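Visitor: Quick one: the structure is below, and I'll ask about it shortly.
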Amino acid sequence: MKIATWNVNSVLARLPQVTKWLDAANPDVLCMQETKCIDEKFPADEFSRLGYRSESFGQAAYNGVAILSRTDFQHVHRGMPDDEDGAQSRLIAATIDGIRIVNVYIPNGQAIGAERYYFKLEWLRRLRAFFESHYLPGEKVLLCGDFNVAPEDRDVHDPMLWRGRIHFSEPEKEALTYVKDWGFVDAFRMHNSEEKQYSWWDYRAGAFRRNLGLRIDHVWITEPLAKESLSVVIDKEPRRWEKPSDHAPVIAEFK
DNA sequence: ATGGTAGATACTCTA
């Protein structure tokens, strides 16, 4: 069972790369973020031809999440229950093969102290409350997506440069730890302890070529799933292709 | 030196 997460930065602009990657990597499940596409325009037919069912929770221009699966979806939920009307599309959940999969696009935060920064911190507090009220850490729960936070120094190409900046500030790391402490382990770090393992590189200034990135895309799992975790890899290959997303897919394999 | 690129939308915002 292979479950992948990938911020595709527009599913319509990235359709050739996403379908090429699905052919090559053949995951059972792909969680996408920043689809930037309303549900009516989601390219479900193209994914269906490749053998994937899909569930989309999109909006125009910004945000948007979706899940592709080779097998049936159960209990699909869009957004958090306490979302206001017209809230941004940032969470979609579904049960696939007995695993509760929660796919999130955590807010970027823009800059320390900005209105969007406090929105991000509050969104993380609500995410923890969402797990408290809906699931148990003893169940098979997988939280994945673009978290927009690099948790540790080894997840940042230059910790001194990034200290106190967006994606790496202490309040963001604390808010993310609060979610994790509900009952998750970082599946990638179960299998990989090296530094310089990034999942995102800025489009600008040759960041990818120089490997100046951040590890902000994550797969977190509860204890029952940790027992079945075989590997987690970041696939940098599609970041080298023409017109790439600025993020690379992360693939978790389970027994 | 606060640069640089990319996507969606509509002549700018977000990341």
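Ligands are numbered from 1 in the order shown, residues from 1 within each chain, and chains are lettered A, B, ... in the order they appear in the structure tokens.
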Quick one: which residues from chain A are at most 6 Å off chain B, using only C-alpha atoms (C1' of nucleotides), as a ChimeraX atom specification?
Guide: /A:61,203-205
Visitor: Quick one: write out the picked residues with C-alpha atoms as a PDB file, in the first residue's frame?
Guide:
```
ATOM      1  CA  ALA A  61      -7.541  30.311  -8.043  1.00  0.00           C
ATOM      2  CA  TYR A 203      11.217  28.551  -8.087  1.00  0.00           C
ATOM      3  CA  ARG A 204      13.592  31.486  -7.847  1.00  0.00           C
ATOM      4  CA  ALA A 205      17.347  31.915  -7.612  1.00  0.00           C
TER       5      ALA A 205
END
```
Visitor: Just the residues within 7 Å of range 247-253 of chain A, please, counting only C-alpha atoms (C1' of nucleotides), with nothing from its chain fewer than 3 positions along; format it as a PDB file with C-alpha atoms, in the first residue's frame.
Guide:
```pdb
ATOM      1  CA  MET A   1       0.000   0.000   0.000  1.00  0.00           C
ATOM      2  CA  LYS A   2       1.591   3.245  -1.198  1.00  0.00           C
ATOM      3  CA  ILE A   3       0.137   6.568  -0.054  1.00  0.00           C
ATOM      4  CA  ALA A   4       1.615   9.747  -1.532  1.00  0.00           C
ATOM      5  CA  THR A   5       1.220  13.466  -0.892  1.00  0.00           C
ATOM      6  CA  TRP A   6       2.078  16.206  -3.404  1.00  0.00           C
ATOM      7  CA  ASN A   7       1.465  19.933  -3.579  1.00  0.00           C
ATOM      8  CA  VAL A   8       0.970  20.149  -7.347  1.00  0.00           C
ATOM      9  CA  SER A 199      10.300  18.556  -0.265  1.00  0.00           C
ATOM     10  CA  TRP A 200      10.032  22.166  -1.471  1.00  0.00           C
ATOM     11  CA  TRP A 201      12.396  24.518  -3.291  1.00  0.00           C
ATOM     12  CA  SER A 229       5.318   1.472   8.003  1.00  0.00           C
ATOM     13  CA  LEU A 230       7.931   0.123   5.560  1.00  0.00           C
ATOM     14  CA  SER A 231       9.464   3.268   4.070  1.00  0.00           C
ATOM     15  CA  VAL A 232       8.976   6.940   3.294  1.00  0.00           C
ATOM     16  CA  VAL A 233      10.786   8.601   0.394  1.00  0.00           C
ATOM     17  CA  ILE A 234      10.791  12.058  -1.172  1.00  0.00           C
ATOM     18  CA  ASP A 235      10.755  11.654  -4.961  1.00  0.00           C
ATOM     19  CA  LYS A 236      12.828  14.545  -6.328  1.00  0.00           C
ATOM     20  CA  PRO A 238       9.477  15.263 -11.009  1.00  0.00           C
ATOM     21  CA  ARG A 239      11.031  18.460  -9.613  1.00  0.00           C
TER      22      ARG A 239
END
```
Visitor: Determine, counting only C-alpha atoms (C1' of nucleotides), which protein, DNA and RNA residues have an atom within 7 Å of an atom of Cys37 in chain A; residues of the same chain fewer than 2 positions away are not included. Present the result as a list in words.
Guide: Thr35, Asp39, Lys41, Phe42, Gly58, Gln59, Ala60, Ala61 and Gly64 of chain A
Visitor: So which residues touch range 20-23 of chain A within 8 Å, counting only C-alpha atoms (C1' of nucleotides), skipping near sequence neighbours fewer than 4 positions away, as a PyMOL selection string?
Guide: chain A and resi 16+27+50+238
Visitor: Just the strand (DSSP E or B) stuff from range 52-234 of chain A, please, per backbone DSSP, written as number ranges by chain.
Guide: A: 53-57, 65-69, 74-78, 91-96, 99-105, 141-146, 156, 185-186, 200-201, 213-214, 217-221, 229-234
Visitor: Could you find all residues in range 27-194 of chain A that DSSP calls alpha helix (DSSP H) from the backbone, and write them as JSON, numbers by chain?
Guide: {"A": [44, 45, 46, 47, 48, 49, 115, 116, 117, 118, 119, 120, 121, 122, 123, 124, 125, 126, 127, 128, 129, 130, 131, 132, 133, 134, 159, 160, 161, 162, 170, 171, 172, 173, 174, 175, 176, 177, 178, 179, 180, 187, 188, 189, 190, 191]}
Visitor: Which residues are close to Tyr117 in chain A, i.e. within 12 Å by only C-alpha atoms (C1' of nucleotides), leaving aside same-chain residues fewer than 3 positions away? Reply as a compact mmCIF listing (two decimals) with C-alpha atoms, in the first residue's frame.
Guide:
```txt
# COMPACT_ATOMS: atom_id res chain seq x y z
CA ILE A 106 -2.03 24.16 6.06
CA PRO A 107 -2.04 27.96 5.54
CA ASN A 108 1.22 29.53 4.36
CA GLY A 109 1.14 32.36 6.91
CA GLN A 110 2.74 34.88 4.52
CA ALA A 111 4.95 36.70 7.08
CA ILE A 112 5.49 36.84 10.83
CA GLY A 113 2.84 39.05 12.42
CA ALA A 114 0.64 39.25 9.31
CA LYS A 120 -2.30 29.83 10.32
CA LEU A 121 -1.69 29.42 14.07
CA GLU A 122 -5.43 29.36 14.76
CA TRP A 123 -5.98 26.85 11.93
CA LEU A 124 -3.42 24.52 13.55
CA ASN A 148 4.02 24.83 5.50
CA VAL A 149 6.24 24.29 8.56
CA ARG A 165 11.03 33.50 9.64
CA ILE A 166 7.83 32.21 8.15
CA HIS A 167 7.69 28.36 7.97
CA PHE A 168 10.29 28.10 10.77
CA SER A 169 9.25 30.46 13.58
CA PRO A 171 5.10 29.74 17.36
CA GLU A 172 4.56 27.81 14.11
CA ALA A 175 1.51 24.92 17.03
```
Visitor: For the atom pair CA of Asn103 in chain A and CA of Met80 in chain A, what is the interatomic distance in Å to one decimal place?
Guide: 11.5 Å
